[in-house]
>>> print(open('run.cif').read())   # mmCIF, C-alpha atoms
data_upload
loop_
_atom_site.label_atom_id
_atom_site.label_comp_id
_atom_site.auth_asym_id
_atom_site.auth_seq_id
_atom_site.Cartn_x
_atom_site.Cartn_y
_atom_site.Cartn_z
CA MET F 15 -97.94 23.32 40.17
CA PRO F 16 -94.64 23.07 38.21
CA LYS F 17 -94.72 23.63 34.47
CA ALA F 18 -92.26 22.24 31.95
CA ASP F 19 -91.59 21.74 28.27
CA LEU F 20 -91.62 18.06 27.30
CA VAL F 21 -89.18 16.51 24.80
CA LEU F 22 -89.83 12.95 23.58
CA GLU F 23 -87.51 10.79 21.49
CA GLY F 24 -88.44 8.17 18.94
CA GLY F 25 -87.85 4.45 19.09
CA GLY F 26 -90.91 2.49 17.96
CA VAL F 27 -92.21 0.49 20.92
CA LYS F 28 -90.49 2.93 23.26
CA GLY F 29 -93.43 5.21 22.53
CA ILE F 30 -95.45 3.02 24.90
CA ALA F 31 -92.86 3.62 27.62
CA LEU F 32 -93.05 7.36 27.02
CA VAL F 33 -96.73 7.24 27.97
CA GLY F 34 -95.74 5.77 31.32
CA ALA F 35 -93.08 8.43 31.77
CA VAL F 36 -95.65 11.17 31.12
CA GLU F 37 -97.97 9.50 33.62
CA VAL F 38 -95.29 9.55 36.32
CA LEU F 39 -94.45 13.20 35.64
CA GLU F 40 -98.13 14.15 35.87
CA GLU F 41 -98.41 12.25 39.16
CA HIS F 42 -95.65 14.53 40.45
CA GLY F 43 -97.72 17.56 39.46
CA TYR F 44 -96.07 18.61 36.22
CA GLU F 45 -98.02 20.40 33.51
CA PHE F 46 -96.65 20.58 29.97
CA GLU F 47 -96.86 23.88 28.14
CA ARG F 48 -95.00 22.87 24.99
CA VAL F 49 -94.04 19.49 23.53
CA ALA F 50 -91.40 18.45 21.00
CA GLY F 51 -90.95 14.96 19.63
CA THR F 52 -89.81 12.75 16.80
CA SER F 53 -91.22 9.51 15.39
CA ALA F 54 -93.08 7.65 18.16
CA GLY F 55 -92.32 10.56 20.46
CA ALA F 56 -94.13 12.90 18.07
CA ILE F 57 -97.25 10.71 18.16
CA ILE F 58 -97.32 10.70 21.96
CA GLY F 59 -96.37 14.38 21.98
CA ALA F 60 -99.31 15.21 19.72
CA LEU F 61 -101.69 13.56 22.18
CA VAL F 62 -100.11 15.41 25.12
CA ALA F 63 -100.28 18.75 23.29
CA ALA F 64 -103.92 18.05 22.40
CA GLY F 65 -104.73 17.70 26.10
CA CYS F 66 -105.08 13.94 26.39
CA PRO F 67 -104.60 12.94 30.08
CA SER F 68 -101.92 10.35 30.74
CA GLU F 69 -104.33 7.87 32.30
CA GLU F 70 -106.39 8.00 29.11
CA MET F 71 -103.28 7.47 26.99
CA VAL F 72 -102.40 4.43 29.10
CA GLN F 73 -105.81 2.91 28.30
CA ILE F 74 -105.38 3.74 24.62
CA MET F 75 -101.99 2.00 24.54
CA ARG F 76 -103.44 -1.07 26.25
CA THR F 77 -106.44 -1.45 23.96
CA VAL F 78 -105.13 -0.45 20.52
CA ASP F 79 -104.66 -3.31 18.03
CA TYR F 80 -100.99 -2.89 17.11
CA GLN F 81 -101.19 -5.50 14.33
CA ARG F 82 -103.42 -3.16 12.35
CA PHE F 83 -100.54 -0.69 11.98
CA LYS F 84 -98.82 -3.31 9.78
CA ASP F 85 -101.12 -2.56 6.83
CA GLY F 86 -98.92 -3.46 3.89
CA ASP F 87 -99.80 -5.50 0.83
CA LEU F 88 -99.76 -9.29 0.81
CA ILE F 89 -96.25 -9.29 -0.60
CA ASP F 90 -95.09 -7.18 2.36
CA ARG F 91 -95.55 -10.20 4.61
CA PHE F 92 -92.43 -11.74 3.07
CA ALA F 93 -88.83 -10.62 3.44
CA LEU F 94 -88.42 -10.02 -0.30
CA GLY F 95 -91.56 -7.91 -0.41
CA ARG F 96 -90.40 -5.80 2.52
CA ALA F 97 -87.02 -5.29 0.87
CA LEU F 98 -88.68 -4.20 -2.38
CA GLY F 99 -90.94 -1.85 -0.44
CA LEU F 100 -87.93 -0.17 1.12
CA LEU F 101 -86.12 0.17 -2.21
CA VAL F 102 -89.05 1.21 -4.40
CA GLU F 103 -91.53 2.91 -2.05
CA GLN F 104 -89.28 4.01 0.83
CA GLY F 105 -91.24 1.97 3.38
CA ILE F 106 -92.77 -1.39 4.30
CA TYR F 107 -96.29 -0.52 5.44
CA ASP F 108 -98.89 1.84 3.97
CA GLY F 109 -99.52 3.68 7.22
CA GLU F 110 -103.19 4.31 6.40
CA TYR F 111 -104.40 2.87 9.70
CA LEU F 112 -101.91 5.02 11.61
CA LYS F 113 -103.20 8.15 9.88
CA THR F 114 -106.84 7.22 10.48
CA TRP F 115 -106.20 6.30 14.11
CA LEU F 116 -104.24 9.46 14.89
CA THR F 117 -106.78 11.65 13.09
CA ASP F 118 -109.60 10.15 15.16
CA GLN F 119 -107.68 10.75 18.40
CA LEU F 120 -106.94 14.37 17.50
CA ARG F 121 -110.44 15.11 16.18
CA GLU F 122 -111.91 13.89 19.46
CA ARG F 123 -109.88 16.59 21.21
CA GLY F 124 -110.46 19.35 18.66
CA SER F 125 -106.80 19.53 17.64
CA LEU F 126 -106.58 18.53 14.00
CA THR F 127 -104.26 21.31 12.84
CA PHE F 128 -101.27 23.05 14.36
CA GLY F 129 -103.43 26.16 14.43
CA ASP F 130 -105.58 24.36 16.99
CA LEU F 131 -102.53 24.22 19.31
CA PRO F 132 -101.55 27.87 19.81
CA TYR F 133 -99.07 28.92 22.47
CA ASN F 134 -97.51 32.16 23.66
CA ASP F 135 -95.81 33.36 26.80
CA ASP F 136 -96.46 36.97 27.76
CA ASP F 137 -93.29 37.02 29.87
CA HIS F 138 -91.17 35.63 27.04
CA PRO F 139 -92.88 36.55 23.75
CA LEU F 140 -92.24 34.20 20.85
CA PRO F 141 -92.08 35.07 17.13
CA PRO F 142 -95.28 34.16 15.24
CA GLU F 143 -93.74 31.10 13.57
CA LYS F 144 -93.02 29.53 16.98
CA GLN F 145 -96.37 30.12 18.69
CA PHE F 146 -97.43 26.47 18.73
CA ARG F 147 -97.66 23.93 21.56
CA LEU F 148 -96.29 21.08 19.42
CA VAL F 149 -93.06 20.86 17.41
CA VAL F 150 -92.22 17.76 15.36
CA MET F 151 -88.52 17.25 14.69
CA ALA F 152 -87.96 15.92 11.17
CA SER F 153 -85.18 15.07 8.72
CA ASP F 154 -85.13 16.88 5.39
CA ILE F 155 -83.45 14.17 3.36
CA SER F 156 -82.95 16.27 0.22
CA GLN F 157 -81.27 19.14 2.10
CA GLY F 158 -79.56 17.00 4.73
CA CYS F 159 -80.75 19.05 7.68
CA LEU F 160 -83.09 19.13 10.66
CA ARG F 161 -86.54 20.67 10.24
CA ARG F 162 -88.86 21.80 13.01
CA LEU F 163 -92.50 21.52 12.01
CA PRO F 164 -94.68 23.55 11.89
CA TRP F 165 -92.06 26.28 12.43
CA GLN F 166 -90.43 25.67 9.05
CA TYR F 167 -93.39 24.67 6.89
CA ASN F 168 -92.97 27.99 5.09
CA TYR F 169 -89.82 26.51 3.56
CA TYR F 170 -92.13 24.20 1.60
CA GLY F 171 -94.61 26.95 0.74
CA ARG F 172 -97.20 25.83 3.29
CA ASP F 173 -99.17 27.75 5.89
CA ARG F 174 -97.98 26.64 9.33
CA GLY F 175 -101.24 26.79 11.23
CA ALA F 176 -103.29 25.15 8.48
CA GLN F 177 -101.22 21.96 8.41
CA HIS F 178 -102.71 18.83 9.91
CA VAL F 179 -100.95 17.68 13.06
CA ARG F 180 -100.76 14.21 11.58
CA ARG F 181 -99.07 15.51 8.40
CA PRO F 182 -95.56 14.50 9.50
CA CYS F 183 -97.00 10.95 9.49
CA GLU F 184 -97.84 11.29 5.83
CA HIS F 185 -94.91 13.09 4.26
CA ARG F 186 -91.18 13.14 4.03
CA CYS F 187 -88.86 15.35 2.03
CA ARG F 188 -87.97 13.89 -1.36
CA SER F 189 -84.69 12.05 -1.69
CA ARG F 190 -81.71 13.57 -3.49
CA SER F 191 -82.73 11.75 -6.67
CA SER F 192 -85.85 13.97 -6.78
CA THR F 193 -84.63 17.27 -5.35
CA SER F 194 -81.01 18.40 -5.35
CA ARG F 195 -79.37 20.31 -2.53
CA SER F 196 -78.64 23.30 -4.74
CA GLY F 197 -81.67 23.64 -6.99
CA GLY F 198 -85.44 23.45 -7.05
CA THR F 199 -88.09 24.11 -4.46
CA PRO F 200 -88.24 21.40 -1.79
CA ARG F 201 -91.40 19.31 -2.01
CA LEU F 202 -93.15 16.85 0.27
CA ALA F 203 -93.79 13.28 -0.79
CA LYS F 204 -95.79 10.39 0.61
CA ASN F 205 -93.97 8.30 3.20
CA ARG F 206 -95.22 4.79 3.86
CA GLY F 207 -95.85 4.05 7.47
CA SER F 208 -93.72 6.14 9.81
CA LEU F 209 -93.24 9.61 11.16
CA THR F 210 -90.36 11.48 9.62
CA ALA F 211 -87.13 10.58 11.37
CA GLY F 212 -85.45 13.22 13.53
CA PHE F 213 -82.59 13.94 15.86
CA CYS F 214 -84.44 15.12 18.98
CA ARG F 215 -83.43 13.35 22.19
CA THR F 216 -85.48 12.88 25.32
CA SER F 217 -84.69 14.72 28.54
CA PRO F 218 -82.63 12.92 31.25
CA SER F 219 -85.61 12.95 33.63
CA THR F 220 -87.71 11.07 31.10
CA SER F 221 -84.95 8.57 30.33
CA SER F 222 -84.56 7.71 34.00
CA MET F 223 -88.24 6.75 34.17
CA LEU F 224 -88.40 4.43 31.16
CA LEU F 225 -87.94 1.12 33.00
CA ARG F 226 -90.57 2.07 35.57
CA ALA F 227 -92.85 3.28 32.80
CA LEU F 228 -92.57 0.00 30.88
CA HIS F 229 -93.66 -1.85 33.99
CA ARG F 230 -96.61 0.46 34.59
CA VAL F 231 -97.98 0.46 31.05
CA GLY F 232 -97.29 -3.19 30.21
CA PRO F 233 -99.86 -5.98 30.57
CA ARG F 234 -101.03 -6.64 34.13
#
>>> encode(input="run.cif", output="structure tokens")
Amino acid sequence: MPKADLVLEGGGVKGIALVGAVEVLEEHGYEFERVAGTSAGAIIGALVAAGCPSEEMVQIMRTVDYQRFKDGDLIDRFALGRALGLLVEQGIYDGEYLKTWLTDQLRERGSLTFGDLPYNDDDHPLPPEKQFRLVVMASDISQGCLRRLPWQYNYYGRDRGAQHVRRPCEHRCRSRSSTSRSGGTPRLAKNRGSLTAGFCRTSPSTSSMLLRALHRVGPR
């Protein structure tokens, strides 16, 4: 049975299509040893890394109430409120339902922390900081660079394995107004309603399956 590392891009609703792409790859016998993703791809990647079968993910995507992810305040229903949310709070929605939903999915599979997703290859040994099945690609806004979590959680003074897998849903690096490029220890701040943005792109084989995947996972 062929084994591969899976890389999933972001793109909001495209996350649903990624589930279909994973389903097709599994039908062709692929097993995924490690997963990397950003934004919606990180959410799907977390489920894959936690051992959720693709057919189960398909059912989850079909039954979840997507409107509940839009859990902002009353004012957020209006254009002015959304604009103020972006300017003042760096986001439109609270993201509390997303965090609760993802936590429940991960708890069901015993994979709440990155330490619950260990990985190593005896033929190609990895350094301790990279011995994890899941890597979330994130933007450090204050430093203007790419971060790979949990590999680089030590940069923020945090233990890699102890961090919750959902944590990239909750935090972002502070903006330049809070932490300069040259001084101070980088900190993590609350982010309303989205996984930290990243620069990771999906593999060509996954991209070629997106149209088919949309058809498979969409309403029937």
>>> atom_distance(input="run.cif", atom1="atom CA of Glu69 of chain F", atom2="atom CA of Val38 of chain F")
10.0 Å
>>> resolve_selection(input="run.cif", expression="the PyMOL selection byres ((chain F and resi 133) around 8)", output="PyMOL selection string")
chain F and resi 47-48+131-132+134-135+145-147
>>> closest_residue(input="run.cif", among="F:Lys17, F:Arg162, F:Lys144, F:Lys28", to="Glu40 of chain F", atoms="all atoms listed in the file")
F:Lys17
>>> resolve_selection(input="run.cif", expression="the PyMOL selection byres ((chain F and resi 111-126) around 6)", output="mmCIF file with C-alpha atoms, keeping the file's coordinate frame")
data_model
loop_
_atom_site.group_PDB
_atom_site.id
_atom_site.type_symbol
_atom_site.label_atom_id
_atom_site.label_comp_id
_atom_site.auth_asym_id
_atom_site.auth_seq_id
_atom_site.Cartn_x
_atom_site.Cartn_y
_atom_site.Cartn_z
ATOM 1 C CA ALA F 64 -103.920 18.050 22.400
ATOM 2 C CA PHE F 83 -100.540 -0.690 11.980
ATOM 3 C CA GLY F 109 -99.520 3.680 7.220
ATOM 4 C CA GLU F 110 -103.190 4.310 6.400
ATOM 5 C CA THR F 127 -104.260 21.310 12.840
ATOM 6 C CA ASP F 130 -105.580 24.360 16.990
ATOM 7 C CA HIS F 178 -102.710 18.830 9.910
ATOM 8 C CA VAL F 179 -100.950 17.680 13.060
#
>>> atom_distance(input="run.cif", atom1="atom CA of Pro141 of chain F", atom2="atom CA of Asp173 of chain F")
15.2 Å
>>> closest_residue(input="run.cif", among="F:Thr52, F:Ala63, F:Tyr167, F:Arg181", to="Ser153 of chain F", atoms="only C-alpha atoms")
F:Thr52
